[in-house]
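**Student:** Have a peek at query26.txt (compact mmCIF, C-alpha atoms).
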# COMPACT_ATOMS: atom_id res chain seq x y z
CA MET A 1 7.55 23.31 0.62
CA ARG A 2 9.11 20.89 3.03
CA ILE A 3 8.50 17.22 2.43
CA ALA A 4 9.20 14.54 5.01
CA VAL A 5 10.12 11.08 3.69
CA VAL A 6 9.57 8.41 6.33
CA THR A 7 12.20 5.67 6.68
CA PHE A 8 10.83 2.43 8.12
CA PRO A 9 13.13 -0.52 8.84
CA GLY A 10 13.31 -2.09 5.39
CA SER A 11 12.42 1.01 3.33
CA ASN A 12 14.67 1.16 0.27
CA CYS A 13 13.29 3.96 -1.90
CA ASP A 14 13.53 6.74 0.69
CA GLU A 15 16.84 8.02 -0.73
CA ASP A 16 15.43 7.98 -4.26
CA ALA A 17 12.47 10.12 -3.21
CA VAL A 18 14.68 12.60 -1.34
CA HIS A 19 17.05 12.74 -4.33
CA VAL A 20 14.30 13.61 -6.82
CA LEU A 21 12.77 16.25 -4.58
CA ARG A 22 16.06 17.86 -3.59
CA ASN A 23 18.29 17.49 -6.62
CA VAL A 24 15.83 17.38 -9.49
CA LEU A 25 13.09 19.70 -8.22
CA GLY A 26 14.92 21.83 -5.66
CA VAL A 27 12.32 21.07 -2.98
CA ALA A 28 13.40 20.91 0.68
CA ALA A 29 13.16 17.22 1.57
CA PHE A 30 14.39 15.34 4.59
CA LYS A 31 14.13 11.89 6.06
CA VAL A 32 12.22 11.12 9.23
CA TRP A 33 12.80 7.93 11.23
CA HIS A 34 9.71 5.82 11.83
CA ARG A 35 10.29 5.88 15.60
CA ASP A 36 9.85 9.65 15.72
CA THR A 37 6.47 10.65 17.05
CA GLN A 38 6.21 14.06 15.38
CA LEU A 39 6.84 15.45 11.94
CA PRO A 40 9.41 18.28 12.00
CA ALA A 41 7.93 21.79 12.28
CA GLY A 42 7.05 23.16 8.87
CA THR A 43 6.33 19.79 7.25
CA GLU A 44 3.92 20.36 4.38
CA GLY A 45 3.89 16.97 2.73
CA VAL A 46 4.69 13.36 3.66
CA ILE A 47 5.95 10.50 1.51
CA LEU A 48 5.82 6.85 2.61
CA PRO A 49 8.42 5.31 0.29
CA GLY A 50 8.80 1.91 -1.32
CA GLY A 51 10.62 -1.02 0.20
CA PHE A 52 9.91 -3.95 2.46
CA SER A 53 9.09 -2.49 5.85
CA TYR A 54 9.52 -5.07 8.61
CA GLY A 55 10.45 -7.61 5.93
CA ASP A 56 6.77 -7.76 4.90
CA ALA A 57 6.14 -9.86 8.04
CA LEU A 58 2.51 -10.95 8.43
CA ARG A 59 1.32 -8.83 5.45
CA SER A 60 3.02 -6.02 3.52
CA GLY A 61 2.59 -2.83 5.52
CA ALA A 62 0.81 -4.54 8.43
CA LEU A 63 3.46 -3.75 11.05
CA ALA A 64 4.61 -0.39 9.69
CA ARG A 65 1.11 0.99 10.13
CA PHE A 66 1.72 0.87 13.91
CA SER A 67 5.10 2.61 13.79
CA PRO A 68 5.16 5.60 16.16
CA ILE A 69 5.33 8.17 13.32
CA MET A 70 2.03 6.96 11.85
CA GLY A 71 -0.03 8.92 14.39
CA ALA A 72 1.50 12.14 13.09
CA VAL A 73 1.08 11.04 9.46
CA ARG A 74 -2.61 10.34 10.10
CA ALA A 75 -3.04 13.73 11.80
CA HIS A 76 -1.35 15.45 8.84
CA ALA A 77 -3.67 13.65 6.42
CA GLU A 78 -6.74 14.53 8.50
CA LYS A 79 -5.78 18.22 8.34
CA GLY A 80 -5.78 17.95 4.55
CA GLY A 81 -2.00 17.81 4.12
CA PRO A 82 -0.74 15.83 1.11
CA VAL A 83 0.43 12.27 1.81
CA LEU A 84 1.86 10.07 -0.95
CA GLY A 85 2.42 6.33 -0.50
CA ILE A 86 4.51 4.66 -3.19
CA CYS A 87 4.56 0.85 -3.48
CA ASN A 88 5.17 -0.34 0.12
CA GLY A 89 3.92 3.14 1.09
CA MET A 90 0.60 2.36 -0.61
CA GLN A 91 0.46 -0.99 1.18
CA ILE A 92 0.97 0.85 4.50
CA LEU A 93 -1.77 3.39 3.67
CA VAL A 94 -4.20 0.58 2.83
CA GLU A 95 -3.34 -1.40 5.97
CA SER A 96 -3.73 1.73 8.09
CA GLY A 97 -7.19 2.45 6.71
CA LEU A 98 -6.13 5.84 5.31
CA LEU A 99 -7.09 4.25 1.99
CA PRO A 100 -9.81 1.58 1.67
CA GLY A 101 -9.50 -1.97 0.33
CA ALA A 102 -6.60 -4.40 0.66
CA MET A 103 -3.54 -5.64 -1.20
CA LEU A 104 -3.12 -9.22 -2.42
CA GLN A 105 -0.26 -11.19 -3.92
CA ASN A 106 0.13 -10.60 -7.68
CA SER A 107 -2.19 -12.88 -9.62
CA SER A 108 0.85 -14.21 -11.56
CA ARG A 109 2.46 -15.23 -8.21
CA LYS A 110 5.61 -13.54 -9.53
CA PHE A 111 7.49 -10.48 -8.39
CA VAL A 112 7.06 -8.03 -11.27
CA CYS A 113 9.76 -5.49 -12.04
CA ARG A 114 9.21 -3.69 -15.32
CA TRP A 115 8.00 -0.53 -17.02
CA VAL A 116 4.26 -0.07 -17.36
CA GLY A 117 2.00 2.54 -18.91
CA ILE A 118 -0.48 4.07 -16.51
CA GLN A 119 -3.32 6.32 -17.55
CA VAL A 120 -4.18 9.49 -15.66
CA GLU A 121 -7.85 9.11 -14.67
CA THR A 122 -8.51 12.30 -12.73
CA LEU A 123 -6.89 15.72 -12.54
CA HIS A 124 -8.72 16.55 -9.35
CA SER A 125 -5.93 16.06 -6.80
CA PRO A 126 -2.71 17.84 -5.84
CA PHE A 127 -0.73 14.99 -7.40
CA THR A 128 -2.41 14.77 -10.79
CA ARG A 129 -3.41 18.36 -11.56
CA PHE A 130 -0.44 19.04 -13.87
CA TYR A 131 -1.19 16.10 -16.18
CA GLN A 132 -3.73 15.76 -18.98
CA LYS A 133 -6.70 13.49 -18.46
CA GLY A 134 -6.05 10.23 -20.30
CA GLN A 135 -2.30 10.94 -20.52
CA ILE A 136 -0.18 7.79 -20.42
CA LEU A 137 2.76 7.89 -18.01
CA ASN A 138 5.71 5.58 -18.43
CA VAL A 139 6.76 4.41 -14.93
CA PRO A 140 8.25 1.25 -13.46
CA VAL A 141 6.62 -1.17 -11.01
CA ALA A 142 8.52 -3.54 -8.69
CA HIS A 143 6.37 -5.54 -6.30
CA HIS A 144 4.97 -8.88 -5.24
CA GLU A 145 1.79 -7.76 -3.45
CA GLY A 146 0.36 -5.18 -5.82
CA CYS A 147 -3.01 -6.70 -6.61
CA TYR A 148 -5.43 -4.10 -5.29
CA TYR A 149 -8.61 -5.67 -3.93
CA ALA A 150 -11.89 -3.89 -3.31
CA PRO A 151 -15.30 -5.47 -2.83
CA PRO A 152 -17.82 -4.52 -5.58
CA GLU A 153 -19.58 -1.83 -3.48
CA LEU A 154 -16.27 -0.12 -2.78
CA LEU A 155 -15.21 -0.28 -6.42
CA ALA A 156 -18.48 1.35 -7.43
CA GLN A 157 -17.95 4.05 -4.80
CA LEU A 158 -14.36 4.75 -5.94
CA LYS A 159 -15.62 5.22 -9.50
CA ALA A 160 -18.61 7.33 -8.52
CA GLU A 161 -16.39 9.61 -6.42
CA ASP A 162 -13.71 9.87 -9.12
CA ARG A 163 -11.07 8.52 -6.71
CA ILE A 164 -9.16 6.28 -9.12
CA ALA A 165 -6.07 8.35 -9.89
CA PHE A 166 -4.28 5.96 -12.25
CA ARG A 167 -5.15 2.79 -14.15
CA TYR A 168 -2.79 0.37 -15.87
CA GLN A 169 -3.28 0.53 -19.61
CA ALA A 170 -5.79 -2.03 -20.87
CA GLY A 171 -4.05 -5.38 -21.31
CA ASP A 172 -1.01 -4.27 -19.33
CA ASN A 173 -2.14 -4.89 -15.75
CA PRO A 174 0.98 -6.35 -14.08
CA ASN A 175 -0.64 -7.73 -10.93
CA GLY A 176 -4.34 -8.49 -11.45
CA ALA A 177 -5.52 -5.37 -9.58
CA ALA A 178 -9.28 -4.82 -9.54
CA ASP A 179 -10.43 -2.60 -12.41
CA ASP A 180 -6.75 -2.08 -13.43
CA ILE A 181 -6.30 0.29 -10.47
CA ALA A 182 -2.70 1.51 -10.14
CA GLY A 183 -3.38 4.39 -7.72
CA LEU A 184 -6.27 5.71 -5.64
CA LEU A 185 -7.23 8.71 -3.55
CA ASN A 186 -8.91 9.11 -0.16
CA PRO A 187 -12.24 10.97 0.06
CA GLY A 188 -10.41 14.26 0.81
CA ARG A 189 -8.22 13.69 -2.30
CA ASN A 190 -5.06 14.62 -0.35
CA VAL A 191 -3.86 11.04 0.21
CA LEU A 192 -2.64 9.08 -2.82
CA GLY A 193 -1.44 5.48 -2.82
CA MET A 194 0.14 4.06 -5.97
CA MET A 195 2.08 0.90 -6.78
CA PRO A 196 4.22 2.33 -9.65
CA HIS A 197 7.32 4.35 -8.78
CA PRO A 198 7.20 7.97 -10.02
CA GLU A 199 10.48 8.71 -8.20
CA ARG A 200 12.21 6.25 -10.55
CA ALA A 201 10.77 8.07 -13.56
CA SER A 202 11.71 11.70 -12.91
CA GLU A 203 14.98 12.02 -14.83
CA GLY A 204 15.61 11.57 -18.54
CA LEU A 205 18.77 9.64 -17.74
CA LEU A 206 16.61 6.93 -16.15
CA GLY A 207 14.35 6.60 -19.17
CA SER A 208 11.32 8.72 -18.22
CA GLU A 209 10.46 12.07 -16.69
CA ASP A 210 6.74 11.33 -16.50
CA GLY A 211 6.72 11.12 -12.70
CA LYS A 212 8.10 14.60 -12.15
CA ALA A 213 4.83 16.53 -12.50
CA LEU A 214 3.32 14.45 -9.68
CA PHE A 215 5.95 15.73 -7.23
CA VAL A 216 5.67 19.30 -8.58
CA GLY A 217 1.92 19.15 -7.96
CA MET A 218 2.35 17.71 -4.49
CA ALA A 219 5.09 20.17 -3.54
CA SER A 220 3.09 23.24 -4.48
CA ALA A 221 -0.21 22.06 -3.03
CA TRP A 222 0.11 23.07 0.56
CA ALA A 223 2.78 25.75 0.40
CA GLY A 224 2.65 28.01 3.42
CA ARG A 225 -0.04 26.00 5.19
CA ALA A 226 2.17 23.86 7.41
CA ALA A 227 1.26 23.49 11.06
CA MET B 1 -0.91 -20.67 28.03
CA HIS B 2 -0.51 -21.41 24.33
CA ALA B 3 -2.99 -20.28 21.77
CA ARG B 4 -3.29 -20.45 18.01
CA VAL B 5 -4.86 -17.93 15.75
CA LEU B 6 -5.88 -19.34 12.36
CA VAL B 7 -6.11 -16.79 9.56
CA THR B 8 -7.85 -17.75 6.32
CA LEU B 9 -8.72 -15.86 3.15
CA LYS B 10 -12.37 -14.92 2.84
CA LYS B 11 -14.47 -16.70 0.25
CA GLY B 12 -14.23 -15.02 -3.11
CA VAL B 13 -10.77 -13.55 -2.51
CA LEU B 14 -8.36 -14.94 -5.10
CA ASP B 15 -5.56 -17.16 -3.80
CA PRO B 16 -3.16 -17.78 -6.69
CA ALA B 17 -0.67 -19.59 -4.42
CA GLY B 18 -3.45 -21.92 -3.21
CA GLU B 19 -4.42 -22.63 -6.83
CA ALA B 20 -0.82 -23.54 -7.61
CA VAL B 21 -0.76 -25.95 -4.65
CA ALA B 22 -4.01 -27.57 -5.78
CA GLY B 23 -2.57 -27.98 -9.28
CA SER B 24 0.57 -29.64 -7.90
CA LEU B 25 -1.48 -31.99 -5.73
CA ARG B 26 -3.50 -33.10 -8.76
CA GLN B 27 -0.30 -33.58 -10.72
CA LEU B 28 0.94 -35.85 -7.91
CA GLY B 29 -2.05 -38.10 -8.38
CA PHE B 30 -4.47 -36.60 -5.85
CA GLU B 31 -7.07 -36.11 -8.60
CA GLU B 32 -9.86 -35.66 -6.04
CA VAL B 33 -8.45 -32.22 -5.02
CA ARG B 34 -10.96 -29.54 -6.00
CA GLY B 35 -9.09 -26.62 -4.53
CA ALA B 36 -6.66 -25.44 -1.87
CA ARG B 37 -6.53 -22.20 0.09
CA ILE B 38 -3.44 -21.11 2.00
CA GLY B 39 -3.81 -19.43 5.37
CA LYS B 40 -1.60 -18.72 8.36
CA VAL B 41 -1.25 -20.14 11.84
CA ILE B 42 0.08 -17.76 14.46
CA GLU B 43 1.11 -19.52 17.66
CA ILE B 44 1.01 -17.23 20.63
CA ASP B 45 2.56 -17.82 24.01
CA LEU B 46 0.56 -16.04 26.71
CA GLY B 47 1.29 -15.66 30.39
CA ASP B 48 -1.11 -16.94 33.06
CA VAL B 49 -4.38 -15.50 31.83
CA PRO B 50 -7.85 -16.85 32.65
CA GLN B 51 -9.28 -18.61 29.60
CA ALA B 52 -12.18 -16.22 29.00
CA GLU B 53 -9.90 -13.20 29.27
CA ALA B 54 -7.34 -14.84 26.96
CA GLU B 55 -9.97 -15.48 24.34
CA LYS B 56 -11.16 -11.88 24.48
CA ARG B 57 -7.61 -10.55 24.15
CA LEU B 58 -6.78 -12.92 21.30
CA ARG B 59 -9.87 -11.79 19.40
CA GLU B 60 -8.68 -8.20 19.83
CA MET B 61 -5.26 -9.21 18.48
CA GLY B 62 -6.94 -10.84 15.48
CA GLN B 63 -9.03 -7.75 14.73
CA LYS B 64 -6.28 -5.24 15.27
CA LEU B 65 -3.28 -6.89 13.65
CA LEU B 66 -3.21 -10.62 12.94
CA ALA B 67 -5.90 -10.62 10.25
CA ASN B 68 -6.82 -8.00 7.69
CA THR B 69 -10.57 -8.36 7.97
CA VAL B 70 -11.14 -6.83 4.53
CA ILE B 71 -9.78 -10.04 2.97
CA GLU B 72 -9.31 -12.50 5.85
CA ASP B 73 -11.27 -14.31 8.57
CA PHE B 74 -9.68 -15.59 11.74
CA GLU B 75 -10.39 -18.11 14.45
CA VAL B 76 -8.95 -18.37 17.95
CA VAL B 77 -8.02 -21.84 19.19
CA LEU B 78 -7.16 -22.25 22.87
Go ahead and render the structure in this file as structure tokens.

**Tutor:**
Amino acid sequence: MRIAVVTFPGSNCDEDAVHVLRNVLGVAAFKVWHRDTQLPAGTEGVILPGGFSYGDALRSGALARFSPIMGAVRAHAEKGGPVLGICNGMQILVESGLLPGAMLQNSSRKFVCRWVGIQVETLHSPFTRFYQKGQILNVPVAHHEGCYYAPPELLAQLKAEDRIAFRYQAGDNPNGAADDIAGLLNPGRNVLGMMPHPERASEGLLGSEDGKALFVGMASAWAGRAA
Amino acid sequence: MHARVLVTLKKGVLDPAGEAVAGSLRQLGFEEVRGARIGKVIEIDLGDVPQAEAEKRLREMGQKLLANTVIEDFEVVL
């Protein structure tokens, strides 16, 4: 498996993602600059990392969605290749329409940076298949615009199609997200956006290894099927 | 030509920052304030473009980038 991690101007979790893949999991991972127009040959998975692309100008993720690399990321997603957006990566996926809905400022108006418990809601995706349904993962969040918004019809659809991947534990929603949604899938189930940071919870030394299985699942999902 | 694009949150979309502003206004003695919503003004400097064409292009800009129409409305002012 070869995983491309996209660096946008203002990304700051790209190194963390590459580190976990390479040094913790032994997966071939490499960074791709947002101005590139193609993913390197053999790319099997794509990660849009956390950070503050374009300084969050206009809206978080609004400008990054038009970065030259995004055409190739969209094409990879449309072929069924796994794409993971973490934090700012989720905001970019939502702005780009690869995931539905929108992101709003946290209901508390504060930047939240703390550990949360998120519950695994579906095993039916490359990213969640190695967890147990209902399992609680201990992972950190660090964001200011993490309040996922979906109109009622969309929320009903997400539930009916089993596309909510993770929910914050009841009473521990850090941002006011609709229906406690911490992560959601596209209709093809190969694109996941999540506000919590699994790459910061993949080593015991950092306090949790609960994020590791997500990357293991992603890394083995498309092996040998790269374009 | 100068234009302004006004971006506002759609009705029903929570605006915690706007609520904080309304609260501060009331605290300052403006008790009549029932609510406040915070939007954005984007001032755009265009070249020499006929007005009708400018309006059309500005609407495209609003749709494509300046507003997120899931949560925001926008208005073009020429």

**Student:** Specify as a compact mmCIF listing (two decimals) with C-alpha atoms, in the frame of the given file all residues of chain A found within 10 Å of chain B, counting only C-alpha atoms.

**Tutor:**
# COMPACT_ATOMS: atom_id res chain seq x y z
CA LEU A 58 2.51 -10.95 8.43
CA ARG A 59 1.32 -8.83 5.45
CA ALA A 62 0.81 -4.54 8.43
CA LEU A 63 3.46 -3.75 11.05
CA ARG A 65 1.11 0.99 10.13
CA PHE A 66 1.72 0.87 13.91
CA GLU A 95 -3.34 -1.40 5.97
CA PRO A 100 -9.81 1.58 1.67
CA GLY A 101 -9.50 -1.97 0.33
CA ALA A 102 -6.60 -4.40 0.66
CA MET A 103 -3.54 -5.64 -1.20
CA LEU A 104 -3.12 -9.22 -2.42
CA GLN A 105 -0.26 -11.19 -3.92
CA ASN A 106 0.13 -10.60 -7.68
CA SER A 107 -2.19 -12.88 -9.62
CA SER A 108 0.85 -14.21 -11.56
CA ARG A 109 2.46 -15.23 -8.21
CA CYS A 147 -3.01 -6.70 -6.61
CA TYR A 149 -8.61 -5.67 -3.93
CA ALA A 150 -11.89 -3.89 -3.31
CA PRO A 151 -15.30 -5.47 -2.83
CA GLY A 176 -4.34 -8.49 -11.45

**Student:** What's the separation between atom CA of Phe166 of chain A and atom CA of Met194 of chain A, in Å to one decimal place?

**Tutor:**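 If I compute the distance from atom CA of Phe166 of chain A to atom CA of Met194 of chain A, I get 7.9 Å.
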
**Student:** Can you sort out the box for segment 169-177 of chain A, edges along x, y and z, all listed atoms in, 5 Å on every side, with centre and edge lengths in Å to one decimal, as AutoDock Vina command-line options?

**Tutor:**
--center_x -2.4 --center_y -4.0 --center_z -15.4 --size_x 16.8 --size_y 19.0 --size_z 21.7

**Student:** For a quick check of understanding, using only C-alpha atoms, which of A:Ala29, A:Ile92, A:Val83, A:Val141 has the smallest distance to Tyr54 of chain A?

**Tutor:**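 Closest residue, counting only C-alpha atoms: A:Ile92.
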
**Student:** The residues within 7 Å of (10.2, 9.2, 3.0), using only C-alpha atoms and the coordinates of the file, should be reported as a PyMOL selection string; which are they?

**Tutor:** chain A and resi 4-7+14+17+31-32+46-49

**Student:** When you look at segment 22-28 of chain A with a cut-off of 8 Å (counting only C-alpha atoms), what residues show up, excluding the ones that are within fewer than 4 positions of it in the same chain? I need them as a list in words.

**Tutor:**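 The filter keeps Met1, Arg2, Ile3, Val18, Ser202, Glu203, Val216 and Ala219 of chain A.
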
**Student:** Skipping near chain neighbours, those fewer than 2 positions away, what residues fall within 9 Å of segment 177-189 of chain A using only C-alpha atoms, listed as a PyMOL selection string?

**Tutor:** chain A and resi 77-78+80+82+90+98-100+103-104+106-107+118-119+124-126+146-150+155+158+161-175+191-196

**Student:** Save out the residues we just selected, C-alpha atoms, as a compact mmCIF listing (two decimals), in the coordinates of the input.

**Tutor:**
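Output saved as out08.txt:
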# COMPACT_ATOMS: atom_id res chain seq x y z
CA ALA A 77 -3.67 13.65 6.42
CA GLU A 78 -6.74 14.53 8.50
CA GLY A 80 -5.78 17.95 4.55
CA PRO A 82 -0.74 15.83 1.11
CA MET A 90 0.60 2.36 -0.61
CA LEU A 98 -6.13 5.84 5.31
CA LEU A 99 -7.09 4.25 1.99
CA PRO A 100 -9.81 1.58 1.67
CA MET A 103 -3.54 -5.64 -1.20
CA LEU A 104 -3.12 -9.22 -2.42
CA ASN A 106 0.13 -10.60 -7.68
CA SER A 107 -2.19 -12.88 -9.62
CA ILE A 118 -0.48 4.07 -16.51
CA GLN A 119 -3.32 6.32 -17.55
CA HIS A 124 -8.72 16.55 -9.35
CA SER A 125 -5.93 16.06 -6.80
CA PRO A 126 -2.71 17.84 -5.84
CA GLY A 146 0.36 -5.18 -5.82
CA CYS A 147 -3.01 -6.70 -6.61
CA TYR A 148 -5.43 -4.10 -5.29
CA TYR A 149 -8.61 -5.67 -3.93
CA ALA A 150 -11.89 -3.89 -3.31
CA LEU A 155 -15.21 -0.28 -6.42
CA LEU A 158 -14.36 4.75 -5.94
CA GLU A 161 -16.39 9.61 -6.42
CA ASP A 162 -13.71 9.87 -9.12
CA ARG A 163 -11.07 8.52 -6.71
CA ILE A 164 -9.16 6.28 -9.12
CA ALA A 165 -6.07 8.35 -9.89
CA PHE A 166 -4.28 5.96 -12.25
CA ARG A 167 -5.15 2.79 -14.15
CA TYR A 168 -2.79 0.37 -15.87
CA GLN A 169 -3.28 0.53 -19.61
CA ALA A 170 -5.79 -2.03 -20.87
CA GLY A 171 -4.05 -5.38 -21.31
CA ASP A 172 -1.01 -4.27 -19.33
CA ASN A 173 -2.14 -4.89 -15.75
CA PRO A 174 0.98 -6.35 -14.08
CA ASN A 175 -0.64 -7.73 -10.93
CA VAL A 191 -3.86 11.04 0.21
CA LEU A 192 -2.64 9.08 -2.82
CA GLY A 193 -1.44 5.48 -2.82
CA MET A 194 0.14 4.06 -5.97
CA MET A 195 2.08 0.90 -6.78
CA PRO A 196 4.22 2.33 -9.65

**Student:** I'd like the interatomic distance between atom CA of Leu84 of chain A and atom CA of Pro9 of chain A, to a tenth of an Å.

**Tutor:**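 Going from atom CA of Leu84 of chain A over to atom CA of Pro9 of chain A covers 18.3 Å.
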
**Student:** Quick one: residues within 10 Å of Leu25 of chain B, all atoms listed in the file counted, chain neighbours fewer than 5 positions away excluded, as a PDB file with C-alpha atoms, keeping the file's coordinate frame?

**Tutor:**
ATOM      1  CA  GLU B  19      -4.420 -22.630  -6.830  1.00  0.00           C
ATOM      2  CA  ALA B  20      -0.820 -23.540  -7.610  1.00  0.00           C
ATOM      3  CA  PHE B  30      -4.470 -36.600  -5.850  1.00  0.00           C
ATOM      4  CA  GLU B  31      -7.070 -36.110  -8.600  1.00  0.00           C
ATOM      5  CA  GLU B  32      -9.860 -35.660  -6.040  1.00  0.00           C
ATOM      6  CA  VAL B  33      -8.450 -32.220  -5.020  1.00  0.00           C
ATOM      7  CA  ARG B  34     -10.960 -29.540  -6.000  1.00  0.00           C
ATOM      8  CA  GLY B  35      -9.090 -26.620  -4.530  1.00  0.00           C
ATOM      9  CA  ALA B  36      -6.660 -25.440  -1.870  1.00  0.00           C
TER      10      ALA B  36
END

**Student:** Can you measure atom CA of Glu75 of chain B to atom CA of Val7 of chain B for me? One decimal in Å is fine.

**Tutor:**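 Atom CA of Glu75 of chain B sits 6.6 Å away from atom CA of Val7 of chain B.
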
**Student:** Quick one: residues within 9 Å of Glu55 of chain B, only C-alpha atoms, excluding same-chain residues fewer than 3 positions away - as a PDB file with C-alpha atoms, keeping the file's coordinate frame?

**Tutor:**
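Saved result, out-v2.pdb, follows:
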ATOM      1  CA  ALA B   3      -2.990 -20.280  21.770  1.00  0.00           C
ATOM      2  CA  PRO B  50      -7.850 -16.850  32.650  1.00  0.00           C
ATOM      3  CA  GLN B  51      -9.280 -18.610  29.600  1.00  0.00           C
ATOM      4  CA  ALA B  52     -12.180 -16.220  29.000  1.00  0.00           C
ATOM      5  CA  LEU B  58      -6.780 -12.920  21.300  1.00  0.00           C
ATOM      6  CA  ARG B  59      -9.870 -11.790  19.400  1.00  0.00           C
ATOM      7  CA  GLU B  60      -8.680  -8.200  19.830  1.00  0.00           C
ATOM      8  CA  VAL B  76      -8.950 -18.370  17.950  1.00  0.00           C
ATOM      9  CA  VAL B  77      -8.020 -21.840  19.190  1.00  0.00           C
ATOM     10  CA  LEU B  78      -7.160 -22.250  22.870  1.00  0.00           C
TER      11      LEU B  78
END

**Student:** Show which residues sit within 10 Å of segment 204-210 of chain A, as a compact mmCIF listing (two decimals) with C-alpha atoms, in the frame of the given file. Count only C-alpha atoms, and ignore same-chain residues fewer than 2 positions away.

**Tutor:**
# COMPACT_ATOMS: atom_id res chain seq x y z
CA TRP A 115 8.00 -0.53 -17.02
CA TYR A 131 -1.19 16.10 -16.18
CA GLN A 135 -2.30 10.94 -20.52
CA ILE A 136 -0.18 7.79 -20.42
CA LEU A 137 2.76 7.89 -18.01
CA ASN A 138 5.71 5.58 -18.43
CA VAL A 139 6.76 4.41 -14.93
CA PRO A 140 8.25 1.25 -13.46
CA PRO A 198 7.20 7.97 -10.02
CA GLU A 199 10.48 8.71 -8.20
CA ARG A 200 12.21 6.25 -10.55
CA ALA A 201 10.77 8.07 -13.56
CA SER A 202 11.71 11.70 -12.91
CA LYS A 212 8.10 14.60 -12.15
CA ALA A 213 4.83 16.53 -12.50
CA LEU A 214 3.32 14.45 -9.68

**Student:** Dump as a PDB file with C-alpha atoms, in the coordinates of the input all residues having an atom at most 12 Å from (-1.7, 14.5, 13.5), computed in the file's coordinates with only C-alpha atoms.

**Tutor:**
ATOM      1  CA  THR A  37       6.470  10.650  17.050  1.00  0.00           C
ATOM      2  CA  GLN A  38       6.210  14.060  15.380  1.00  0.00           C
ATOM      3  CA  LEU A  39       6.840  15.450  11.940  1.00  0.00           C
ATOM      4  CA  PRO A  40       9.410  18.280  12.000  1.00  0.00           C
ATOM      5  CA  THR A  43       6.330  19.790   7.250  1.00  0.00           C
ATOM      6  CA  VAL A  46       4.690  13.360   3.660  1.00  0.00           C
ATOM      7  CA  PRO A  68       5.160   5.600  16.160  1.00  0.00           C
ATOM      8  CA  ILE A  69       5.330   8.170  13.320  1.00  0.00           C
ATOM      9  CA  MET A  70       2.030   6.960  11.850  1.00  0.00           C
ATOM     10  CA  GLY A  71      -0.030   8.920  14.390  1.00  0.00           C
ATOM     11  CA  ALA A  72       1.500  12.140  13.090  1.00  0.00           C
ATOM     12  CA  VAL A  73       1.080  11.040   9.460  1.00  0.00           C
ATOM     13  CA  ARG A  74      -2.610  10.340  10.100  1.00  0.00           C
ATOM     14  CA  ALA A  75      -3.040  13.730  11.800  1.00  0.00           C
ATOM     15  CA  HIS A  76      -1.350  15.450   8.840  1.00  0.00           C
ATOM     16  CA  ALA A  77      -3.670  13.650   6.420  1.00  0.00           C
ATOM     17  CA  GLU A  78      -6.740  14.530   8.500  1.00  0.00           C
ATOM     18  CA  LYS A  79      -5.780  18.220   8.340  1.00  0.00           C
ATOM     19  CA  GLY A  80      -5.780  17.950   4.550  1.00  0.00           C
ATOM     20  CA  GLY A  81      -2.000  17.810   4.120  1.00  0.00           C
ATOM     21  CA  ALA A 226       2.170  23.860   7.410  1.00  0.00           C
ATOM     22  CA  ALA A 227       1.260  23.490  11.060  1.00  0.00           C
TER      23      ALA A 227
END

**Student:** Under the rule that only C-alpha atoms are counted, which of A:Ser53, A:Thr122, A:Asn190, A:Ser96 is the nearest residue to Ser11 of chain A?

**Tutor:** A:Ser53
